[in-house]
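Trainee: Once you've had a glance at the structure underneath, I'll fire off some questions.
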2 protein chains.
Amino acid sequence: MGLAERKERDKAELKDTILEAAKSILLKHGIKGLSIRKIANNVEYSPATIYLYFKDKDEIMHELMEMGFKLMNSYMSESISELDPVKRINGIGKAYIKFGLEKKDWYDLMFNSEKPMKHIEKCLEEWDEGMAMFALLAATCKQAIDKLGLQGVNERILALHLWSCVHGLVNLAQTERLEIVEQNNAKELLEKTLDSMMKTIFR
Amino acid sequence: MGLAERKERDKAELKDTILEAAKSILLKHGIKGLSIRKIANNVEYSPATIYLYFKDKDEIMHELMEMGFKLMNSYMSESISELDPVKRINGIGKAYIKFGLEKKDWYDLMFNSEKPMKHIEKCLEEWDEGMAMFALLAATCKQAIDKLGLQGVNERILALHLWSCVHGLVNLAQTERLEIVEQNNAKELLEKTLDSMMKTIFR
DNA sequence: TGAAAATATGAACAGTGTTCATTATATTTG
DNA sequence: CAAATATAATGAACACTGTTCATATTTTCA
């Protein structure tokens, strides 16, 4: 059985190699430059071989997405340990923006590419991750609402409010629509806006 | 000169026909299904002919974008006449969301496709339009700030806050990320969130 | 060593945007 | 009117894209 195991390991290894190649192409050429043929070339296999290890391109993108979520989590992790709910929300928002601006290609892949509905099982897993993230934000919102005595504010709606704010900001920055507001220094503008948002919402 | 004029008119007509074909393909097959060859097929010319009337696909997309902005303006126009600043902002937000949900393909084209930087002149025009829109929102924000006596709030930052909110909401809805928050009825969720946003910000 | 199973690939299909030499049409001039 | 010229349209090609499948190569096992 040792042989069969090594076979399995070899197979998993190549799968990993393909994913690593895909990742490096994503980072080098962006989401638009990511192609099966480039990946195949990179790992020195024929394009057809890729399909022996992945069902299609969507599956590869999906695996990359999970890598992206892990990276994003690492951006958030510091802020999550913050005790004060408002400060925690602020930290999460800052980390979200930082990730969005610094890891444009990852963010593109995770939030601006069409969700591959074909892999329902995989999607549910990912939903879980996203839902857990959102649930955490909502729970923190509840704490903030209680602490500040905000009345008539639903924590899930507030969480969505906050999420759409930072998501919208990152999106507008990435598609270069923010130049309408201010020509240069998107990062500073985003941080300033986040500060103002926090003050306005949790005043 | 009559002949030359008719020639010009004919040329402009074909240009228009091509754009109309592009529009109908956008509405039928979405932004991903919009191709030069489909357009050419639709107007019964060869693909190469398209390039006699437009520099490249970006130029066509850009013209479509302008059509989209006009359509969006028609969604907004009612709300703009509203006198109360907060109500006006609310109306604009509602119209923005309505447009985003009802005209997904247009919205995609206008806000989620890469801005074609090649046509700088054209882009500046469009900037003007967008900047005018944003300036109006910011001016309305100023009125609201004054009326409600909100302190330490910059109107342009507040305008960006509002814009990123609705933009983020529409974006999350379109990329089906809102299912994390609530499985069904995105429209209702968005309106509920907008209401809550307005109450939270202009309380 | 030879049959069977696993793995890899070349070639093709149907698309994409874009270019350019060639052809067809219309206009102007001799 | 016919020939020369200017305008308009196109077929074919290039370099890509994702994906499939019959064929070929390699590895495993009896």
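Residues are referred to by chain and number: the chain letter is A, B, ... according to the order shown in the structure tokens, the number counts from 1 in that chain, and ligands are numbered separately from 1 in the order shown.
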Write down, as a PyMOL selection string, each residue of chain D that has any atom within 10 Å of an atom of chain B, counting only C-alpha atoms (C1' of nucleotides).
Mentor: chain D and resi 8-11
Trainee: Residues at most 10 Å from segment 13-17 of chain D, counting only C-alpha atoms (C1' of nucleotides), excluding those fewer than 3 positions away in the same chain, as an MDAnalysis selection string?
Mentor: (chainID A and resid 35:37) or (chainID C and resid 15:20)
Trainee: For DC29 of chain D, please output as a VMD selection string all residues within 10 Å (counting only C-alpha atoms (C1' of nucleotides); exclusion window: fewer than 2 positions along the same chain).
Mentor: (chain C and resid 3 to 5) or (chain D and resid 27)
Trainee: Can I get the selection written as an mmCIF file, in the first residue's frame, with N, CA and C atoms (P, O5', C5', C4', C3', O3' and C1' of nucleotides)?
Mentor:
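Contents of result_35.cif, as written:
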data_model
loop_
_atom_site.group_PDB
_atom_site.id
_atom_site.type_symbol
_atom_site.label_atom_id
_atom_site.label_comp_id
_atom_site.auth_asym_id
_atom_site.auth_seq_id
_atom_site.Cartn_x
_atom_site.Cartn_y
_atom_site.Cartn_z
ATOM 1 P P DA C 3 0.215 -9.991 -24.353
ATOM 2 O "O5'" DA C 3 -0.924 -9.455 -23.380
ATOM 3 C "C5'" DA C 3 -1.531 -10.341 -22.432
ATOM 4 C "C4'" DA C 3 -2.040 -9.553 -21.235
ATOM 5 C "C3'" DA C 3 -3.112 -8.507 -21.554
ATOM 6 O "O3'" DA C 3 -4.157 -8.653 -20.612
ATOM 7 C "C1'" DA C 3 -1.335 -7.495 -20.375
ATOM 8 P P DA C 4 -5.519 -7.889 -20.705
ATOM 9 O "O5'" DA C 4 -5.360 -6.754 -19.588
ATOM 10 C "C5'" DA C 4 -5.028 -7.139 -18.255
ATOM 11 C "C4'" DA C 4 -4.794 -5.911 -17.399
ATOM 12 C "C3'" DA C 4 -5.846 -4.816 -17.547
ATOM 13 O "O3'" DA C 4 -6.181 -4.347 -16.239
ATOM 14 C "C1'" DA C 4 -3.715 -3.903 -17.925
ATOM 15 P P DA C 5 -7.518 -3.595 -15.892
ATOM 16 O "O5'" DA C 5 -6.974 -2.245 -15.243
ATOM 17 C "C5'" DA C 5 -5.932 -2.311 -14.269
ATOM 18 C "C4'" DA C 5 -5.123 -1.033 -14.282
ATOM 19 C "C3'" DA C 5 -5.938 0.253 -14.278
ATOM 20 O "O3'" DA C 5 -5.593 0.981 -13.109
ATOM 21 C "C1'" DA C 5 -4.149 0.386 -15.817
ATOM 22 P P DT D 27 7.787 6.128 -16.189
ATOM 23 O "O5'" DT D 27 6.747 5.245 -15.360
ATOM 24 C "C5'" DT D 27 5.560 5.862 -14.840
ATOM 25 C "C4'" DT D 27 4.614 4.802 -14.310
ATOM 26 C "C3'" DT D 27 5.246 3.789 -13.349
ATOM 27 O "O3'" DT D 27 4.524 3.818 -12.122
ATOM 28 C "C1'" DT D 27 3.927 2.691 -14.981
#
Trainee: Rounded to one decimal in Å, what is the spacing between atom CA of Tyr96 of chain A and atom CA of Lys199 of chain B?
Mentor: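 Computing it gives 24.7 Å between the two atoms.
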Trainee: If we count only C-alpha atoms (C1' of nucleotides) and set the cut-off at 10 Å, which residues sit around segment 60-77 of chain A, ignoring sequence neighbours fewer than 3 positions away in its own chain? Please answer as a CSV table (one decimal) with C-alpha atoms, in the first residue's frame.
Mentor:
chain,number,residue,atom,x,y,z
A,15,LYS,CA,-2.2,19.6,-7.9
A,18,ILE,CA,-0.5,23.7,-10.5
A,19,LEU,CA,-2.2,25.9,-7.8
A,20,GLU,CA,1.1,27.6,-7.0
A,22,ALA,CA,-1.8,29.7,-10.9
A,23,LYS,CA,-1.2,31.9,-7.9
A,26,LEU,CA,-2.5,35.8,-10.7
A,31,ILE,CA,-7.1,37.9,-13.0
A,34,LEU,CA,-4.7,34.0,-15.7
A,36,ILE,CA,-5.0,27.5,-18.4
A,50,ILE,CA,-4.5,20.4,-16.1
A,53,TYR,CA,-6.3,17.5,-11.8
A,54,PHE,CA,-9.1,20.1,-11.9
A,55,LYS,CA,-12.6,19.9,-13.4
A,56,ASP,CA,-12.2,23.3,-15.1
A,57,LYS,CA,-10.8,26.8,-14.7
A,80,ILE,CA,-10.4,40.6,16.1
A,81,SER,CA,-8.6,40.4,19.4
A,82,GLU,CA,-9.5,44.0,20.2
A,88,ARG,CA,-12.8,46.2,16.8
A,91,GLY,CA,-9.8,47.7,13.0
A,92,ILE,CA,-11.6,45.3,10.8
A,93,GLY,CA,-12.6,48.1,8.5
A,94,LYS,CA,-9.1,49.3,8.3
A,95,ALA,CA,-7.8,45.8,7.6
A,96,TYR,CA,-10.4,45.3,4.9
A,97,ILE,CA,-9.4,48.4,3.1
A,98,LYS,CA,-5.7,47.7,3.5
A,99,PHE,CA,-6.2,44.2,2.1
A,100,GLY,CA,-8.4,45.6,-0.8
A,103,LYS,CA,-4.0,42.8,-2.7
A,105,ASP,CA,-5.8,40.8,-7.6
A,106,TRP,CA,-6.9,38.7,-4.7
A,107,TYR,CA,-9.7,41.0,-3.9
A,108,ASP,CA,-10.8,41.0,-7.5
A,109,LEU,CA,-10.9,37.2,-7.5
A,110,MET,CA,-12.7,37.0,-4.2
A,111,PHE,CA,-15.3,39.7,-4.6
A,113,SER,CA,-15.4,37.6,-10.2
A,115,LYS,CA,-19.3,33.2,-8.3
A,116,PRO,CA,-18.8,29.8,-9.9
A,119,HIS,CA,-19.5,23.8,-7.6
A,122,LYS,CA,-17.6,24.0,-2.5
A,123,CYS,CA,-19.6,27.2,-2.5
A,125,GLU,CA,-18.1,25.7,2.4
A,126,GLU,CA,-17.1,29.1,1.3
A,129,GLU,CA,-16.5,31.0,5.9
A,130,GLY,CA,-18.1,34.2,4.7
A,133,MET,CA,-17.1,36.4,9.2
Trainee: Could you work out which residues of chain C fall inside 12 Å of chain A? Count only C-alpha atoms (C1' of nucleotides), and format the result as a ChimeraX atom specification.
Mentor: /C:6-11
Trainee: Each residue of chain A lying at most 7 Å from chain B should get a row with its shortest atom-to-atom pair and the distance in Å to one decimal, counting only C-alpha atoms; could you produce that, ordered by chain and increasing number, as CSV?
Mentor:
residue,atom,partner,partner_atom,distance
A:Asn112,CA,B:Thr175,CA,6.9
A:Glu114,CA,B:Thr175,CA,6.1
A:Lys115,CA,B:Thr175,CA,6.8
A:Trp127,CA,B:Ile180,CA,6.6
A:Gly130,CA,B:Ile180,CA,6.8
A:Met131,CA,B:Ile180,CA,5.5
A:Ile157,CA,B:Thr193,CA,5.8
A:His161,CA,B:Thr193,CA,6.6
A:Ser164,CA,B:Gly168,CA,4.2
A:Cys165,CA,B:Cys165,CA,4.4
A:His167,CA,B:Gly168,CA,5.4
A:Gly168,CA,B:Gly168,CA,3.7
A:Leu169,CA,B:Ser164,CA,5.2
A:Thr175,CA,B:Glu114,CA,6.1
A:Ile180,CA,B:Met131,CA,5.5
A:Thr193,CA,B:Ile157,CA,5.8
A:Met197,CA,B:His161,CA,6.6
A:Thr200,CA,B:Ile201,CA,6.1
A:Ile201,CA,B:Thr200,CA,6.1
Trainee: Name the residues of chain B that come out as alpha helix (DSSP H) in a backbone DSSP run; write them as a ChimeraX atom specification.
Mentor: /B:2-29,36-43,47-53,57-80,85-102,104-107,120-148,155-174,186-201
Trainee: What is the atom CA of Lys104 of chain A-atom CA of Glu191 of chain A distance in Å, reported with one decimal?
Mentor: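 That distance, rounded to one decimal, is 16.7 Å.
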Trainee: Name the residues in contact with DT7 of chain D at a cut-off of 12 Å, using only C-alpha atoms (C1' of nucleotides), excluding same-chain residues fewer than 6 positions from it; report them as a list of chain:residue names.
Mentor: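 Once the adjacent positions are removed, what remains is B:Lys7, B:Lys11, B:Leu52, C:DA24, C:DT25, C:DA26, C:DT27, C:DT28.
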Trainee: One decimal, Å: what's the distance from atom CA of Lys142 of chain A over to atom CA of Glu155 of chain A, could you say?
Mentor: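 Between these atoms lies a distance of 5.2 Å.
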